[in-house]
file my_file-v5.txt (compact mmCIF, C-alpha atoms and all ligand atoms)
# COMPACT_ATOMS: atom_id res chain seq x y z
CA MET D 18 80.30 -15.04 89.71
CA ASP D 19 81.11 -14.05 86.16
CA LEU D 20 83.12 -16.85 84.58
CA PHE D 21 84.14 -14.86 81.51
CA ASN D 22 85.31 -11.69 83.10
CA ASP D 23 88.06 -12.60 85.50
CA ALA D 24 91.15 -12.37 83.29
CA PHE D 25 91.05 -8.58 82.81
CA ASP D 26 90.60 -5.81 85.30
CA PRO D 27 88.31 -3.13 83.80
CA SER D 28 89.42 -0.64 86.46
CA PHE D 29 92.90 -0.64 84.85
CA ASN D 30 93.36 2.36 82.52
CA LEU D 31 95.15 1.36 79.28
CA LEU D 32 95.98 5.01 78.56
CA PRO D 33 98.87 6.57 80.52
CA TYR D 34 97.28 10.09 80.46
CA ASP D 35 94.60 12.29 78.86
CA GLY D 36 91.77 9.77 78.76
CA ARG D 37 90.43 6.48 79.99
CA VAL D 38 90.18 3.13 78.15
CA SER D 39 89.13 -0.08 79.89
CA TYR D 40 89.25 -3.58 78.44
CA PHE D 41 86.76 -5.97 80.02
CA GLY D 42 87.94 -9.05 78.09
CA HIS D 43 85.22 -11.60 77.30
CA ILE D 44 81.78 -10.56 78.47
CA MET D 45 80.07 -13.68 77.11
CA SER D 46 80.86 -17.31 76.31
CA ASP D 47 82.23 -18.21 72.86
CA ALA D 48 78.92 -19.95 72.10
CA HIS D 49 76.96 -16.78 72.81
CA ALA D 50 79.44 -14.69 70.84
CA ASP D 51 79.09 -17.12 67.87
CA HIS D 52 75.32 -16.82 68.08
CA TYR D 53 75.38 -12.99 68.10
CA PHE D 54 77.94 -12.90 65.26
CA ASP D 55 75.79 -15.17 63.03
CA GLN D 56 72.59 -13.37 63.87
CA LEU D 57 74.02 -9.89 63.16
CA HIS D 58 75.93 -11.06 60.08
CA ARG D 59 72.75 -12.50 58.53
CA SER D 60 70.06 -10.06 59.58
CA THR D 61 71.68 -6.60 59.49
CA ALA D 62 70.95 -4.33 56.49
CA TRP D 63 74.68 -3.79 55.82
CA GLN D 64 75.64 -0.96 53.49
CA HIS D 65 78.98 0.38 52.33
CA ASP D 66 79.88 3.55 54.20
CA GLN D 67 80.57 6.84 52.46
CA ALA D 68 82.97 9.50 53.66
CA HIS D 69 84.34 12.81 52.39
CA ILE D 70 88.11 12.53 52.53
CA ALA D 71 90.31 15.29 51.12
CA GLY D 72 87.34 16.71 49.21
CA LYS D 73 86.37 13.40 47.58
CA LEU D 74 83.37 11.23 48.33
CA ILE D 75 84.73 7.72 48.83
CA THR D 76 82.95 4.44 49.50
CA THR D 77 84.60 2.32 52.16
CA GLU D 78 85.20 -1.41 51.76
CA ARG D 79 83.86 -2.05 55.24
CA LYS D 80 80.06 -2.12 55.63
CA VAL D 81 78.04 -0.34 58.29
CA ALA D 82 74.59 -0.04 59.84
CA TRP D 83 73.27 2.43 62.36
CA HIS D 84 70.53 1.79 64.91
CA GLY D 85 69.16 3.93 67.72
CA ASP D 86 66.33 5.09 69.95
CA ALA D 87 64.86 7.45 67.35
CA ALA D 88 65.56 8.27 63.72
CA PHE D 89 68.59 10.37 64.66
CA ALA D 90 70.36 12.15 61.88
CA TYR D 91 74.07 11.73 62.57
CA THR D 92 76.74 13.48 60.50
CA TYR D 93 80.35 12.40 60.30
CA SER D 94 83.01 12.59 57.61
CA GLY D 95 80.65 14.90 55.74
CA THR D 96 77.81 12.40 55.26
CA THR D 97 74.52 12.13 57.15
CA LYS D 98 73.01 8.86 58.33
CA HIS D 99 69.57 8.11 59.76
CA ALA D 100 69.28 5.52 62.53
CA GLN D 101 67.12 2.39 62.16
CA PRO D 102 65.12 1.23 65.19
CA TRP D 103 66.67 -1.28 67.62
CA THR D 104 66.26 -4.94 66.65
CA ASP D 105 65.59 -7.47 69.45
CA THR D 106 69.20 -8.69 69.24
CA LEU D 107 70.69 -5.20 69.41
CA PHE D 108 68.39 -4.17 72.24
CA GLU D 109 69.42 -7.28 74.20
CA LEU D 110 73.11 -6.47 73.68
CA LYS D 111 72.54 -2.81 74.56
CA GLN D 112 70.94 -3.82 77.88
CA LYS D 113 73.75 -6.25 78.66
CA ILE D 114 76.42 -3.63 77.97
CA GLU D 115 74.55 -0.94 79.89
CA SER D 116 74.42 -3.18 82.95
CA ILE D 117 78.15 -4.02 82.72
CA THR D 118 79.28 -0.42 82.12
CA LYS D 119 76.57 1.27 84.26
CA THR D 120 76.11 3.76 81.42
CA SER D 121 73.13 4.24 79.09
CA PHE D 122 73.43 4.48 75.32
CA ASN D 123 70.93 5.66 72.70
CA SER D 124 72.56 4.51 69.46
CA CYS D 125 74.86 1.91 67.96
CA LEU D 126 77.12 1.98 64.90
CA LEU D 127 77.79 -1.50 63.49
CA ASN D 128 80.86 -2.20 61.35
CA LEU D 129 81.44 -5.33 59.27
CA TYR D 130 85.04 -6.07 58.20
CA ALA D 131 84.88 -8.92 55.68
CA ASN D 132 88.54 -9.90 56.26
CA GLY D 133 91.89 -8.60 57.51
CA GLN D 134 92.37 -6.34 54.48
CA GLN D 135 89.55 -4.16 55.75
CA GLY D 136 90.16 -1.85 58.68
CA MET D 137 89.57 1.69 59.87
CA ALA D 138 92.03 4.58 59.58
CA TRP D 139 93.19 6.83 62.45
CA HIS D 140 90.32 8.98 63.76
CA SER D 141 88.62 10.21 66.93
CA ASP D 142 84.92 9.96 67.60
CA ASP D 143 84.69 13.63 68.55
CA GLU D 144 81.72 14.87 66.52
CA ALA D 145 79.70 17.62 68.24
CA SER D 146 76.67 15.29 68.33
CA LEU D 147 78.51 13.05 70.83
CA GLY D 148 79.01 15.95 73.24
CA HIS D 149 82.02 16.51 75.50
CA ASN D 150 83.84 13.54 77.12
CA THR D 151 81.53 10.97 75.54
CA CYS D 152 81.53 7.33 76.61
CA ILE D 153 81.69 4.70 73.82
CA ALA D 154 81.33 0.96 74.48
CA SER D 155 82.80 -1.27 71.77
CA LEU D 156 81.78 -4.93 71.44
CA SER D 157 83.90 -7.17 69.18
CA LEU D 158 82.56 -10.34 67.52
CA GLY D 159 84.30 -12.69 65.09
CA ALA D 160 87.92 -12.47 63.99
CA GLN D 161 90.38 -11.25 66.63
CA ARG D 162 92.01 -7.98 65.53
CA THR D 163 94.54 -5.49 66.87
CA PHE D 164 93.29 -2.08 67.98
CA ALA D 165 95.56 0.94 68.44
CA PHE D 166 95.53 4.35 70.13
CA LYS D 167 97.88 7.24 69.24
CA HIS D 168 98.17 10.45 71.27
CA LYS D 169 97.52 13.55 69.13
CA THR D 170 100.57 15.48 70.38
CA THR D 171 103.04 13.02 71.92
CA ALA D 172 102.33 10.30 69.28
CA GLN D 173 102.62 7.64 72.01
CA THR D 174 100.94 4.46 70.77
CA ILE D 175 99.09 1.79 72.75
CA THR D 176 97.89 -1.44 71.13
CA LEU D 177 95.76 -4.33 72.30
CA GLU D 178 93.99 -7.39 70.90
CA LEU D 179 90.20 -7.37 70.71
CA ALA D 180 88.88 -10.90 71.25
CA HIS D 181 85.62 -12.52 70.08
CA GLY D 182 82.89 -11.50 72.55
CA SER D 183 84.99 -8.82 74.28
CA LEU D 184 84.17 -5.29 75.43
CA LEU D 185 86.28 -2.11 75.33
CA LEU D 186 85.16 1.15 76.93
CA MET D 187 86.52 4.57 75.89
CA GLN D 188 85.62 7.48 78.15
CA GLY D 189 86.66 10.81 79.69
CA GLU D 190 88.92 12.92 77.48
CA THR D 191 89.96 9.97 75.28
CA GLN D 192 88.38 11.25 72.04
CA HIS D 193 89.84 14.74 72.48
CA HIS D 194 93.46 13.64 72.93
CA TRP D 195 93.81 10.24 71.27
CA LEU D 196 93.21 8.83 67.80
CA HIS D 197 92.31 5.16 67.33
CA ARG D 198 92.37 2.74 64.41
CA LEU D 199 91.83 -0.84 63.36
CA PRO D 200 94.95 -1.71 61.33
CA PRO D 201 94.71 -4.23 58.48
CA ARG D 202 95.85 -7.75 59.43
CA ALA D 203 97.72 -9.96 56.98
CA ASN D 204 96.47 -13.52 56.39
CA MET D 205 93.19 -12.92 58.20
CA HIS D 206 90.36 -14.35 56.14
CA GLN D 207 87.63 -14.30 58.77
CA ALA D 208 85.12 -11.50 59.21
CA ARG D 209 84.75 -9.29 62.26
CA ILE D 210 81.72 -7.35 63.47
CA ASN D 211 82.14 -4.40 65.81
CA LEU D 212 79.33 -2.61 67.63
CA THR D 213 79.99 0.81 69.14
CA PHE D 214 77.27 1.89 71.54
CA ARG D 215 77.15 5.67 71.75
CA THR D 216 75.15 8.53 73.23
CA ILE D 217 73.96 11.19 70.82
CA VAL D 218 73.17 14.43 72.64
CA ASN D 219 70.81 17.23 71.57
CA HIS D 220 69.34 15.13 68.80
CA PRO D 221 66.35 16.55 66.90
CA PHE D 222 63.47 14.11 67.19
CA PRO D 223 61.48 13.70 63.99
O1 LIG Q 1 86.04 -1.70 64.67
C1 LIG Q 1 86.43 -1.18 65.72
O2 LIG Q 1 86.87 -1.84 66.66
C2 LIG Q 1 86.41 0.32 65.91
C3 LIG Q 1 85.39 1.04 65.14
C4 LIG Q 1 85.48 2.52 65.38
O3 LIG Q 1 86.45 3.04 65.82
C5 LIG Q 1 84.32 3.34 65.05
O4 LIG Q 1 83.30 2.82 64.57
O5 LIG Q 1 84.39 4.56 65.28
FE FE Q 2 86.04 5.09 66.36
call {"tool": "encode", "arguments": {"input": "my_file-v5.txt", "output": "structure tokens"}}
result
Amino acid sequence: MDLFNDAFDPSFNLLPYDGRVSYFGHIMSDAHADHYFDQLHRSTAWQHDQAHIAGKLITTERKVAWHGDAAFAYTYSGTTKHAQPWTDTLFELKQKIESITKTSFNSCLLNLYANGQQGMAWHSDDEASLGHNTCIASLSLGAQRTFAFKHKTTAQTITLELAHGSLLLMQGETQHHWLHRLPPRANMHQARINLTFRTIVNHPFP
């Protein structure tokens, strides 16, 4: 029996149409989530992200790291990143999430939001390197934050809270029809770490 997983039904689709999003709730105890947060906070080689927005190269406040099976080159927002190898902690989390979602992943983008002023603007993870109808598993650690989806044509919006140690799965046509974002949160002084496990297709091996 899984003691942490009984409050949410992952077979429930949070999106009313054009995609599939499942919230698994907590997939680990708070003590384990604290341990993973501290470990990743301390030992990740965090760097500010860069993106080309409206023709300008900007540096984001949030910090990122990218790990994967091989030194993938991954391009988004006009900048190219090279994946670092899996660490023991990330590999352990990858295996746990693969067994829960019954899906395999070959890379992980880590985001560190130092406080509630930092977030992520509306976007879809629809780069060609992720292929068609990609599946993305998103693990949240640290501060609880709101997450939102907005349909690209109807503008319908769906929001939910992402708890410490919880898992969200986005699959099917989600990235083609819906945007998502992490809005800023007032009076939030704690940090949050998010891990998105992804599958890069047709990657050139070095
Ligand atoms: O921080 C999050 O929950 C979402 C991050 C995200 O959307 C992304 O990395 O593409
Ligand atoms: Fe995203």
call {"tool": "residues_near_ligand", "arguments": {"input": "my_file-v5.txt", "ligand": "ligand LIG 1 (chain Q)", "cutoff": "9 Å", "atoms": "all atoms listed in the file", "output": "PyMOL selection string"}}
result
chain D and resi 81+126-130+136-142+153+155-157+162-164+179+185+197-199+209-213
call {"tool": "closest_residue", "arguments": {"input": "my_file-v5.txt", "among": "D:Gly159, D:His194, D:Asp51, D:Ala68", "to": "Gln173 of chain D", "atoms": "all atoms listed in the file"}}
result
D:His194
call {"tool": "atom_distance", "arguments": {"input": "my_file-v5.txt", "atom1": "atom CA of Ala172 of chain D", "atom2": "atom CA of Gly189 of chain D"}}
result
18.8 Å
call {"tool": "closest_residue", "arguments": {"input": "my_file-v5.txt", "among": "D:Arg202, D:Gly42, D:Gln161, D:Ala154", "to": "ligand FE 2 (chain Q)", "atoms": "all atoms listed in the file"}}
result
D:Ala154
call {"tool": "atom_distance", "arguments": {"input": "my_file-v5.txt", "atom1": "atom CA of Met45 of chain D", "atom2": "atom CA of Ser121 of chain D"}}
result
19.3 Å
call {"tool": "atom_distance", "arguments": {"input": "my_file-v5.txt", "atom1": "atom CA of Gln192 of chain D", "atom2": "atom CA of Lys80 of chain D"}}
result
22.7 Å
call {"tool": "closest_residue", "arguments": {"input": "my_file-v5.txt", "among": "D:Ala87, D:Thr96, D:Thr151, D:Gln56", "to": "His69 of chain D", "atoms": "all atoms listed in the file"}}
result
D:Thr96
call {"tool": "axis_aligned_box", "arguments": {"input": "my_file-v5.txt", "around": "segment 107-126 of chain D", "padding_each_side": "6 Å", "output": "AutoDock Vina command-line options"}}
result
--center_x 73.8 --center_y -0.8 --center_z 74.6 --size_x 22.9 --size_y 24.9 --size_z 31.4
call {"tool": "closest_residue", "arguments": {"input": "my_file-v5.txt", "among": "D:Ile175, D:Gly182, D:Phe166, D:Asp86", "to": "ligand FE 2 (chain Q)", "atoms": "all atoms listed in the file"}}
result
D:Phe166
call {"tool": "closest_residue", "arguments": {"input": "my_file-v5.txt", "among": "D:Gln207, D:Gln135, D:Thr191, D:Ser146", "to": "Lys169 of chain D", "atoms": "all atoms listed in the file"}}
result
D:Thr191
call {"tool": "closest_residue", "arguments": {"input": "my_file-v5.txt", "among": "D:Ser116, D:Asp105, D:Ile70, D:Leu147", "to": "ligand FE 2 (chain Q)", "atoms": "only C-alpha atoms and all ligand atoms"}}
result
D:Leu147
call {"tool": "residues_near_point", "arguments": {"input": "my_file-v5.txt", "point": "(75.5, -1.4, 78.4)", "cutoff": "12 Å", "atoms": "only C-alpha atoms", "output": "tab-separated table (two decimals) with C-alpha atoms, in the frame of the given file"}}
result
chain	number	residue	atom	x	y	z
D	44	ILE	CA	81.78	-10.56	78.47
D	107	LEU	CA	70.69	-5.20	69.41
D	108	PHE	CA	68.39	-4.17	72.24
D	109	GLU	CA	69.42	-7.28	74.20
D	110	LEU	CA	73.11	-6.47	73.68
D	111	LYS	CA	72.54	-2.81	74.56
D	112	GLN	CA	70.94	-3.82	77.88
D	113	LYS	CA	73.75	-6.25	78.66
D	114	ILE	CA	76.42	-3.63	77.97
D	115	GLU	CA	74.55	-0.94	79.89
D	116	SER	CA	74.42	-3.18	82.95
D	117	ILE	CA	78.15	-4.02	82.72
D	118	THR	CA	79.28	-0.42	82.12
D	119	LYS	CA	76.57	1.27	84.26
D	120	THR	CA	76.11	3.76	81.42
D	121	SER	CA	73.13	4.24	79.09
D	122	PHE	CA	73.43	4.48	75.32
D	123	ASN	CA	70.93	5.66	72.70
D	124	SER	CA	72.56	4.51	69.46
D	125	CYS	CA	74.86	1.91	67.96
D	152	CYS	CA	81.53	7.33	76.61
D	153	ILE	CA	81.69	4.70	73.82
D	154	ALA	CA	81.33	0.96	74.48
D	155	SER	CA	82.80	-1.27	71.77
D	156	LEU	CA	81.78	-4.93	71.44
D	184	LEU	CA	84.17	-5.29	75.43
D	185	LEU	CA	86.28	-2.11	75.33
D	186	LEU	CA	85.16	1.15	76.93
D	212	LEU	CA	79.33	-2.61	67.63
D	213	THR	CA	79.99	0.81	69.14
D	214	PHE	CA	77.27	1.89	71.54
D	215	ARG	CA	77.15	5.67	71.75
D	216	THR	CA	75.15	8.53	73.23
call {"tool": "residues_around", "arguments": {"input": "my_file-v5.txt", "residues": "segment 31-34 of chain D", "least_positions_apart": "2", "cutoff": "10 Å", "atoms": "all atoms listed in the file", "output": "list in words"}}
result
Pro27, Ser28, Phe29, Gly36, Arg37, Val38, Ser39, Tyr40, Phe166, Lys167, His168, Gln173, Thr174, Ile175, Thr176, Leu177, Met187, Glu190, Thr191, His194 and Trp195 of chain D
call {"tool": "residues_around", "arguments": {"input": "my_file-v5.txt", "residues": "Leu57 of chain D", "least_positions_apart": "4", "cutoff": "8 Å", "atoms": "all atoms listed in the file", "output": "list of chain:residue names"}}
result
D:Tyr53, D:Thr61, D:Thr106
call {"tool": "residues_near_point", "arguments": {"input": "my_file-v5.txt", "point": "(90.7, -6.8, 57.2)", "cutoff": "8 Å", "atoms": "all atoms listed in the file", "output": "list in words"}}
result
Tyr130, Ala131, Asn132, Gly133, Gln134, Gln135, Gly136, Pro200, Pro201, Arg202, Ala203, Met205, His206 and Ala208 of chain D
call {"tool": "decode", "arguments": {"input": "my_file-v5.txt", "residues": "segment 141-208 of chain D", "atoms": "C-alpha atoms", "output": "PDB file, in the first residue's frame"}}
result
ATOM      1  CA  SER D 141       4.675  25.031 -24.025  1.00  0.00           C
ATOM      2  CA  ASP D 142       7.395  22.422 -24.039  1.00  0.00           C
ATOM      3  CA  ASP D 143       6.905  21.724 -27.735  1.00  0.00           C
ATOM      4  CA  GLU D 144      10.448  21.849 -29.120  1.00  0.00           C
ATOM      5  CA  ALA D 145      11.071  19.462 -32.038  1.00  0.00           C
ATOM      6  CA  SER D 146      13.635  17.577 -29.920  1.00  0.00           C
ATOM      7  CA  LEU D 147      10.810  16.379 -27.631  1.00  0.00           C
ATOM      8  CA  GLY D 148       8.937  14.819 -30.552  1.00  0.00           C
ATOM      9  CA  HIS D 149       5.163  14.632 -30.973  1.00  0.00           C
ATOM     10  CA  ASN D 150       2.876  14.117 -27.935  1.00  0.00           C
ATOM     11  CA  THR D 151       5.766  14.003 -25.484  1.00  0.00           C
ATOM     12  CA  CYS D 152       5.324  12.897 -21.881  1.00  0.00           C
ATOM     13  CA  ILE D 153       6.842  15.153 -19.174  1.00  0.00           C
ATOM     14  CA  ALA D 154       6.938  14.185 -15.482  1.00  0.00           C
ATOM     15  CA  SER D 155       7.308  17.122 -13.091  1.00  0.00           C
ATOM     16  CA  LEU D 156       8.485  16.617  -9.496  1.00  0.00           C
ATOM     17  CA  SER D 157       8.065  19.533  -7.062  1.00  0.00           C
ATOM     18  CA  LEU D 158      10.222  19.987  -3.942  1.00  0.00           C
ATOM     19  CA  GLY D 159      10.221  22.826  -1.415  1.00  0.00           C
ATOM     20  CA  ALA D 160       7.806  25.753  -1.369  1.00  0.00           C
ATOM     21  CA  GLN D 161       4.253  24.986  -2.494  1.00  0.00           C
ATOM     22  CA  ARG D 162       3.374  26.990  -5.619  1.00  0.00           C
ATOM     23  CA  THR D 163       0.429  27.421  -7.968  1.00  0.00           C
ATOM     24  CA  PHE D 164       0.706  26.011 -11.479  1.00  0.00           C
ATOM     25  CA  ALA D 165      -1.561  27.057 -14.359  1.00  0.00           C
ATOM     26  CA  PHE D 166      -2.610  25.836 -17.800  1.00  0.00           C
ATOM     27  CA  LYS D 167      -4.185  28.042 -20.503  1.00  0.00           C
ATOM     28  CA  HIS D 168      -5.677  26.704 -23.741  1.00  0.00           C
ATOM     29  CA  LYS D 169      -4.086  28.307 -26.815  1.00  0.00           C
ATOM     30  CA  THR D 170      -7.391  29.061 -28.580  1.00  0.00           C
ATOM     31  CA  THR D 171     -10.197  28.996 -25.994  1.00  0.00           C
ATOM     32  CA  ALA D 172      -8.028  30.646 -23.263  1.00  0.00           C
ATOM     33  CA  GLN D 173      -9.680  28.373 -20.657  1.00  0.00           C
ATOM     34  CA  THR D 174      -7.457  28.292 -17.572  1.00  0.00           C
ATOM     35  CA  ILE D 175      -6.914  25.463 -15.086  1.00  0.00           C
ATOM     36  CA  THR D 176      -4.886  25.966 -11.894  1.00  0.00           C
ATOM     37  CA  LEU D 177      -3.648  23.642  -9.191  1.00  0.00           C
ATOM     38  CA  GLU D 178      -1.274  23.653  -6.212  1.00  0.00           C
ATOM     39  CA  LEU D 179       1.984  21.717  -6.480  1.00  0.00           C
ATOM     40  CA  ALA D 180       2.923  20.337  -3.063  1.00  0.00           C
ATOM     41  CA  HIS D 181       6.349  19.420  -1.631  1.00  0.00           C
ATOM     42  CA  GLY D 182       7.212  15.918  -2.902  1.00  0.00           C
ATOM     43  CA  SER D 183       4.398  15.788  -5.477  1.00  0.00           C
ATOM     44  CA  LEU D 184       4.301  14.592  -9.080  1.00  0.00           C
ATOM     45  CA  LEU D 185       2.474  16.026 -12.110  1.00  0.00           C
ATOM     46  CA  LEU D 186       2.381  14.267 -15.485  1.00  0.00           C
ATOM     47  CA  MET D 187       1.688  16.085 -18.773  1.00  0.00           C
ATOM     48  CA  GLN D 188       1.069  13.885 -21.793  1.00  0.00           C
ATOM     49  CA  GLY D 189      -0.781  13.371 -25.087  1.00  0.00           C
ATOM     50  CA  GLU D 190      -1.524  16.580 -26.985  1.00  0.00           C
ATOM     51  CA  THR D 191      -1.057  18.815 -23.919  1.00  0.00           C
ATOM     52  CA  GLN D 192       2.005  20.709 -25.211  1.00  0.00           C
ATOM     53  CA  HIS D 193       0.402  21.353 -28.611  1.00  0.00           C
ATOM     54  CA  HIS D 194      -2.812  22.908 -27.276  1.00  0.00           C
ATOM     55  CA  TRP D 195      -2.042  24.284 -23.819  1.00  0.00           C
ATOM     56  CA  LEU D 196       0.437  26.757 -22.363  1.00  0.00           C
ATOM     57  CA  HIS D 197       1.591  26.433 -18.752  1.00  0.00           C
ATOM     58  CA  ARG D 198       3.260  28.759 -16.258  1.00  0.00           C
ATOM     59  CA  LEU D 199       4.430  29.120 -12.690  1.00  0.00           C
ATOM     60  CA  PRO D 200       3.002  32.484 -11.562  1.00  0.00           C
ATOM     61  CA  PRO D 201       4.877  34.571  -8.987  1.00  0.00           C
ATOM     62  CA  ARG D 202       3.546  34.207  -5.428  1.00  0.00           C
ATOM     63  CA  ALA D 203       3.446  37.143  -3.030  1.00  0.00           C
ATOM     64  CA  ASN D 204       4.948  36.734   0.451  1.00  0.00           C
ATOM     65  CA  MET D 205       6.653  33.458  -0.414  1.00  0.00           C
ATOM     66  CA  HIS D 206      10.208  33.527   0.875  1.00  0.00           C
ATOM     67  CA  GLN D 207      11.016  29.831   0.579  1.00  0.00           C
ATOM     68  CA  ALA D 208      12.750  28.246  -2.391  1.00  0.00           C
TER      69      ALA D 208
END
